[in-house]
Every structure is written in structure tokens, then in C-alpha cells.
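A short write-up of the structure that comes next.
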Amino acid sequence: MNFKTFLLVTLSVLLNIIVSVIMDYAAKNSILIITFLLVSMAIFLSFIRFIYWGWLLKKYDLSHIYPITAVFFPMIYLIAIINNDVDFSIEKTFAIILIIFGVIVVQKDNYAGNS
């Protein structure tokens, strides 16, 4: 596995984040038709992500690509900070650093191109 694989898996994570943000806006919206459109868009993007994840699984071993999906949590925390949905804290930042470090450690051999 290489950096290209990391980016391909990260695209799946980004799709998941987009769906999460859309659902957050849908939950906060009080206009029924807009909520319906947002939820419909989220369902459609989830289906696209499902197909894309299946393609990734055909191309790469699950034990190599699944740990990369842990970057979802640092990314969603960043989105929450940007949207003022959560307060910044040292403890949460330390936890995010641990998650990123864990992904790097688990994927260490794969970054070098060994798989």
C-alpha cells in the first residue's frame, strides 16, 4: 500500500464526513422540504460511498485499509470546532493526536510501499 491508497481511503472518509455534516444541518432545519432534500442527498451519498467502499475492498485487503478510516474522528472533531458545535480542549486534542499516531503506527510498513 502507498500514499495513493491512503488518499483513496480518505476519500471514503470524506464522503462519510459530508454525509454527517448534511445530516447535522438536516436535524437543525425546521423547514420540512429542505430537511427532506438534505436527508435524500445524504442517503444518495451514502449509497455512493457504499459502492466506493466495495470497490476499495475488491482492490485492497480490509486489514490494510480499515485502520485508515480512524481519521474520520479527527476530521469530524475539526468540523465540529469550525461549526462551533464543540469547545476546543487539550484533552480532546491529545486524543486526536493519539488516533493519528495510531493510524501511522498501524500503517507504518504500508507507507514505505511494503504490503
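Following the order of the C-alpha cells, first chain is A, next is B, and so on, with residues numbered from 1 inside each chain and ligands from 1 in the order they appear.
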Chain A: residues DSSP assigns to helix (DSSP H, G or I), reported as a compact mmCIF listing (two decimals) with N, CA and C atoms, in the first residue's frame:
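Saved the output as result34.txt:
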```txt
# COMPACT_ATOMS: atom_id res chain seq x y z
N PHE A 3 0.87 5.89 -0.62
CA PHE A 3 0.15 7.12 -0.31
C PHE A 3 -1.13 7.26 -1.14
N LYS A 4 -1.10 6.75 -2.36
CA LYS A 4 -2.29 6.78 -3.22
C LYS A 4 -3.44 6.02 -2.56
N THR A 5 -3.13 4.86 -1.99
CA THR A 5 -4.15 4.07 -1.30
C THR A 5 -4.71 4.84 -0.11
N PHE A 6 -3.82 5.49 0.63
CA PHE A 6 -4.25 6.31 1.76
C PHE A 6 -5.24 7.37 1.30
N LEU A 7 -4.94 8.01 0.18
CA LEU A 7 -5.83 9.05 -0.35
C LEU A 7 -7.16 8.47 -0.81
N LEU A 8 -7.13 7.28 -1.43
CA LEU A 8 -8.37 6.64 -1.88
C LEU A 8 -9.28 6.32 -0.69
N VAL A 9 -8.70 5.83 0.39
CA VAL A 9 -9.48 5.51 1.58
C VAL A 9 -9.97 6.80 2.25
N THR A 10 -9.13 7.82 2.24
CA THR A 10 -9.51 9.09 2.82
C THR A 10 -10.69 9.71 2.07
N LEU A 11 -10.79 9.46 0.78
CA LEU A 11 -11.95 9.92 0.01
C LEU A 11 -13.24 9.30 0.56
N SER A 12 -13.18 8.04 0.92
CA SER A 12 -14.34 7.39 1.52
C SER A 12 -14.69 8.06 2.86
N VAL A 13 -13.66 8.38 3.62
CA VAL A 13 -13.88 9.06 4.90
C VAL A 13 -14.49 10.45 4.66
N LEU A 14 -14.01 11.16 3.65
CA LEU A 14 -14.56 12.48 3.34
C LEU A 14 -16.03 12.39 2.94
N LEU A 15 -16.38 11.37 2.18
CA LEU A 15 -17.79 11.17 1.84
C LEU A 15 -18.62 10.97 3.10
N ASN A 16 -18.07 10.21 4.04
CA ASN A 16 -18.76 9.97 5.31
C ASN A 16 -18.92 11.27 6.10
N ILE A 17 -17.91 12.11 6.07
CA ILE A 17 -17.98 13.39 6.77
C ILE A 17 -19.02 14.30 6.12
N ILE A 18 -19.05 14.32 4.79
CA ILE A 18 -20.05 15.13 4.09
C ILE A 18 -21.46 14.68 4.47
N VAL A 19 -21.66 13.37 4.51
CA VAL A 19 -22.98 12.85 4.93
C VAL A 19 -23.29 13.27 6.36
N SER A 20 -22.31 13.20 7.24
CA SER A 20 -22.52 13.59 8.63
C SER A 20 -22.89 15.07 8.76
N VAL A 21 -22.20 15.92 8.01
CA VAL A 21 -22.49 17.36 8.05
C VAL A 21 -23.88 17.63 7.48
N ILE A 22 -24.22 16.98 6.38
CA ILE A 22 -25.55 17.16 5.80
C ILE A 22 -26.63 16.74 6.79
N MET A 23 -26.43 15.61 7.46
CA MET A 23 -27.43 15.16 8.43
C MET A 23 -27.52 16.09 9.63
N ASP A 24 -26.39 16.68 10.01
CA ASP A 24 -26.40 17.67 11.10
C ASP A 24 -27.25 18.87 10.71
N TYR A 25 -27.05 19.38 9.49
CA TYR A 25 -27.86 20.51 9.03
C TYR A 25 -29.34 20.11 8.90
N ALA A 26 -29.60 18.90 8.44
CA ALA A 26 -30.98 18.44 8.31
C ALA A 26 -31.66 18.37 9.68
N ALA A 27 -30.94 17.92 10.69
CA ALA A 27 -31.51 17.82 12.03
C ALA A 27 -31.81 19.19 12.63
N LYS A 28 -31.03 20.20 12.24
CA LYS A 28 -31.23 21.54 12.78
C LYS A 28 -32.23 22.36 11.97
N LEU A 32 -39.59 21.49 6.45
CA LEU A 32 -39.72 20.09 6.10
C LEU A 32 -39.14 19.73 4.73
N ILE A 33 -39.40 20.51 3.71
CA ILE A 33 -38.94 20.18 2.36
C ILE A 33 -37.42 20.23 2.28
N ILE A 34 -36.80 21.20 2.98
CA ILE A 34 -35.34 21.28 2.98
C ILE A 34 -34.76 20.09 3.73
N THR A 35 -35.37 19.74 4.85
CA THR A 35 -34.92 18.56 5.59
C THR A 35 -35.02 17.31 4.73
N PHE A 36 -36.13 17.16 4.02
CA PHE A 36 -36.32 16.01 3.14
C PHE A 36 -35.23 15.96 2.06
N LEU A 37 -34.94 17.11 1.45
CA LEU A 37 -33.91 17.16 0.41
C LEU A 37 -32.52 16.85 0.96
N LEU A 38 -32.22 17.36 2.14
CA LEU A 38 -30.92 17.07 2.76
C LEU A 38 -30.77 15.59 3.11
N VAL A 39 -31.82 15.01 3.68
CA VAL A 39 -31.76 13.59 4.02
C VAL A 39 -31.66 12.74 2.74
N SER A 40 -32.37 13.13 1.71
CA SER A 40 -32.29 12.41 0.43
C SER A 40 -30.88 12.48 -0.14
N MET A 41 -30.26 13.65 -0.06
CA MET A 41 -28.89 13.81 -0.53
C MET A 41 -27.94 12.94 0.29
N ALA A 42 -28.15 12.90 1.59
CA ALA A 42 -27.30 12.09 2.47
C ALA A 42 -27.45 10.60 2.13
N ILE A 43 -28.66 10.16 1.87
CA ILE A 43 -28.89 8.75 1.50
C ILE A 43 -28.19 8.43 0.18
N PHE A 44 -28.31 9.33 -0.79
CA PHE A 44 -27.65 9.13 -2.09
C PHE A 44 -26.13 9.05 -1.93
N LEU A 45 -25.55 9.98 -1.17
CA LEU A 45 -24.09 9.97 -0.97
C LEU A 45 -23.65 8.74 -0.18
N SER A 46 -24.48 8.28 0.74
CA SER A 46 -24.17 7.05 1.49
C SER A 46 -24.14 5.84 0.55
N PHE A 47 -25.06 5.82 -0.40
CA PHE A 47 -25.08 4.74 -1.39
C PHE A 47 -23.81 4.79 -2.25
N ILE A 48 -23.42 5.99 -2.68
CA ILE A 48 -22.19 6.15 -3.46
C ILE A 48 -20.99 5.66 -2.64
N ARG A 49 -20.95 6.04 -1.37
CA ARG A 49 -19.85 5.60 -0.51
C ARG A 49 -19.86 4.09 -0.34
N PHE A 50 -21.02 3.49 -0.23
CA PHE A 50 -21.15 2.03 -0.12
C PHE A 50 -20.54 1.35 -1.35
N ILE A 51 -20.88 1.84 -2.53
CA ILE A 51 -20.34 1.28 -3.78
C ILE A 51 -18.84 1.49 -3.83
N TYR A 52 -18.39 2.68 -3.47
CA TYR A 52 -16.97 3.01 -3.49
C TYR A 52 -16.20 2.13 -2.51
N TRP A 53 -16.75 1.92 -1.31
CA TRP A 53 -16.09 1.07 -0.31
C TRP A 53 -15.99 -0.37 -0.83
N GLY A 54 -17.02 -0.83 -1.49
CA GLY A 54 -16.97 -2.17 -2.09
C GLY A 54 -15.86 -2.28 -3.12
N TRP A 55 -15.70 -1.23 -3.92
CA TRP A 55 -14.61 -1.21 -4.91
C TRP A 55 -13.26 -1.24 -4.21
N LEU A 56 -13.12 -0.48 -3.12
CA LEU A 56 -11.86 -0.49 -2.37
C LEU A 56 -11.57 -1.87 -1.80
N LEU A 57 -12.61 -2.55 -1.31
CA LEU A 57 -12.42 -3.89 -0.73
C LEU A 57 -12.00 -4.91 -1.78
N LYS A 58 -12.45 -4.73 -3.02
CA LYS A 58 -12.02 -5.63 -4.09
C LYS A 58 -10.56 -5.39 -4.45
N LYS A 59 -10.12 -4.17 -4.28
CA LYS A 59 -8.77 -3.79 -4.69
C LYS A 59 -7.73 -3.98 -3.59
N LEU A 62 -8.84 -5.66 3.55
CA LEU A 62 -9.55 -4.93 4.61
C LEU A 62 -8.62 -4.59 5.77
N SER A 63 -7.74 -5.51 6.15
CA SER A 63 -6.86 -5.26 7.29
C SER A 63 -5.88 -4.13 7.02
N HIS A 64 -5.68 -3.77 5.76
CA HIS A 64 -4.80 -2.65 5.43
C HIS A 64 -5.54 -1.33 5.32
N ILE A 65 -6.77 -1.37 4.81
CA ILE A 65 -7.46 -0.10 4.57
C ILE A 65 -8.38 0.34 5.71
N TYR A 66 -8.92 -0.59 6.46
CA TYR A 66 -9.87 -0.20 7.51
C TYR A 66 -9.25 0.69 8.59
N PRO A 67 -8.03 0.40 9.06
CA PRO A 67 -7.47 1.28 10.10
C PRO A 67 -7.37 2.75 9.67
N ILE A 68 -7.25 3.00 8.38
CA ILE A 68 -7.15 4.38 7.90
C ILE A 68 -8.46 5.14 8.16
N THR A 69 -9.56 4.42 8.21
CA THR A 69 -10.85 5.10 8.43
C THR A 69 -10.93 5.77 9.80
N ALA A 70 -10.01 5.47 10.69
CA ALA A 70 -10.00 6.12 12.00
C ALA A 70 -9.73 7.62 11.89
N VAL A 71 -9.24 8.08 10.75
CA VAL A 71 -9.03 9.53 10.57
C VAL A 71 -10.37 10.28 10.54
N PHE A 72 -11.47 9.55 10.44
CA PHE A 72 -12.80 10.17 10.49
C PHE A 72 -12.97 10.99 11.77
N PHE A 73 -12.54 10.44 12.89
CA PHE A 73 -12.78 11.09 14.18
C PHE A 73 -12.03 12.42 14.32
N PRO A 74 -10.74 12.50 13.96
CA PRO A 74 -10.10 13.82 14.00
C PRO A 74 -10.74 14.81 13.02
N MET A 75 -11.15 14.33 11.87
CA MET A 75 -11.74 15.23 10.87
C MET A 75 -13.10 15.75 11.34
N ILE A 76 -13.91 14.90 11.92
CA ILE A 76 -15.23 15.33 12.38
C ILE A 76 -15.10 16.27 13.57
N TYR A 77 -14.08 16.07 14.40
CA TYR A 77 -13.81 16.98 15.52
C TYR A 77 -13.43 18.36 14.98
N LEU A 78 -12.63 18.39 13.94
CA LEU A 78 -12.25 19.66 13.31
C LEU A 78 -13.47 20.38 12.74
N ILE A 79 -14.35 19.62 12.09
CA ILE A 79 -15.59 20.20 11.56
C ILE A 79 -16.44 20.76 12.70
N ALA A 80 -16.52 20.04 13.80
CA ALA A 80 -17.31 20.49 14.96
C ALA A 80 -16.73 21.78 15.54
N ILE A 81 -15.40 21.90 15.57
CA ILE A 81 -14.78 23.13 16.06
C ILE A 81 -15.11 24.28 15.12
N ILE A 82 -15.00 24.04 13.82
CA ILE A 82 -15.29 25.08 12.83
C ILE A 82 -16.74 25.56 12.94
N ILE A 90 -7.65 20.65 25.46
CA ILE A 90 -6.35 19.96 25.39
C ILE A 90 -6.55 18.45 25.40
N GLU A 91 -7.48 17.96 26.21
CA GLU A 91 -7.71 16.52 26.31
C GLU A 91 -8.18 15.94 24.97
N LYS A 92 -9.13 16.61 24.35
CA LYS A 92 -9.64 16.13 23.05
C LYS A 92 -8.56 16.22 21.99
N THR A 93 -7.78 17.27 22.02
CA THR A 93 -6.69 17.42 21.06
C THR A 93 -5.66 16.32 21.25
N PHE A 94 -5.34 15.99 22.49
CA PHE A 94 -4.42 14.89 22.76
C PHE A 94 -4.98 13.57 22.24
N ALA A 95 -6.27 13.35 22.43
CA ALA A 95 -6.90 12.12 21.93
C ALA A 95 -6.82 12.05 20.41
N ILE A 96 -7.02 13.17 19.74
CA ILE A 96 -6.92 13.23 18.28
C ILE A 96 -5.50 12.89 17.83
N ILE A 97 -4.51 13.43 18.54
CA ILE A 97 -3.12 13.13 18.21
C ILE A 97 -2.85 11.64 18.39
N LEU A 98 -3.39 11.04 19.43
CA LEU A 98 -3.22 9.60 19.64
C LEU A 98 -3.84 8.78 18.50
N ILE A 99 -5.00 9.19 18.04
CA ILE A 99 -5.65 8.48 16.93
C ILE A 99 -4.79 8.56 15.68
N ILE A 100 -4.33 9.76 15.35
CA ILE A 100 -3.49 9.93 14.16
C ILE A 100 -2.20 9.13 14.30
N PHE A 101 -1.58 9.19 15.47
CA PHE A 101 -0.36 8.41 15.72
C PHE A 101 -0.64 6.92 15.56
N GLY A 102 -1.79 6.46 16.06
CA GLY A 102 -2.16 5.05 15.93
C GLY A 102 -2.31 4.62 14.48
N VAL A 103 -2.92 5.46 13.67
CA VAL A 103 -3.06 5.15 12.24
C VAL A 103 -1.68 5.03 11.60
N ILE A 104 -0.80 5.96 11.94
CA ILE A 104 0.55 5.92 11.37
C ILE A 104 1.29 4.67 11.80
N VAL A 105 1.19 4.30 13.07
CA VAL A 105 1.88 3.10 13.57
C VAL A 105 1.34 1.84 12.89
N VAL A 106 0.03 1.74 12.79
CA VAL A 106 -0.56 0.55 12.18
C VAL A 106 -0.20 0.44 10.71
N LYS A 108 2.50 1.81 9.25
CA LYS A 108 3.92 2.16 9.07
C LYS A 108 4.57 1.44 7.90
N ASP A 109 4.44 0.15 7.84
CA ASP A 109 5.06 -0.62 6.77
C ASP A 109 4.43 -0.29 5.42
N ASN A 110 3.16 0.04 5.43
CA ASN A 110 2.47 0.32 4.18
C ASN A 110 2.88 1.65 3.57
N TYR A 111 3.28 2.62 4.41
CA TYR A 111 3.74 3.91 3.88
C TYR A 111 5.02 3.74 3.08
```
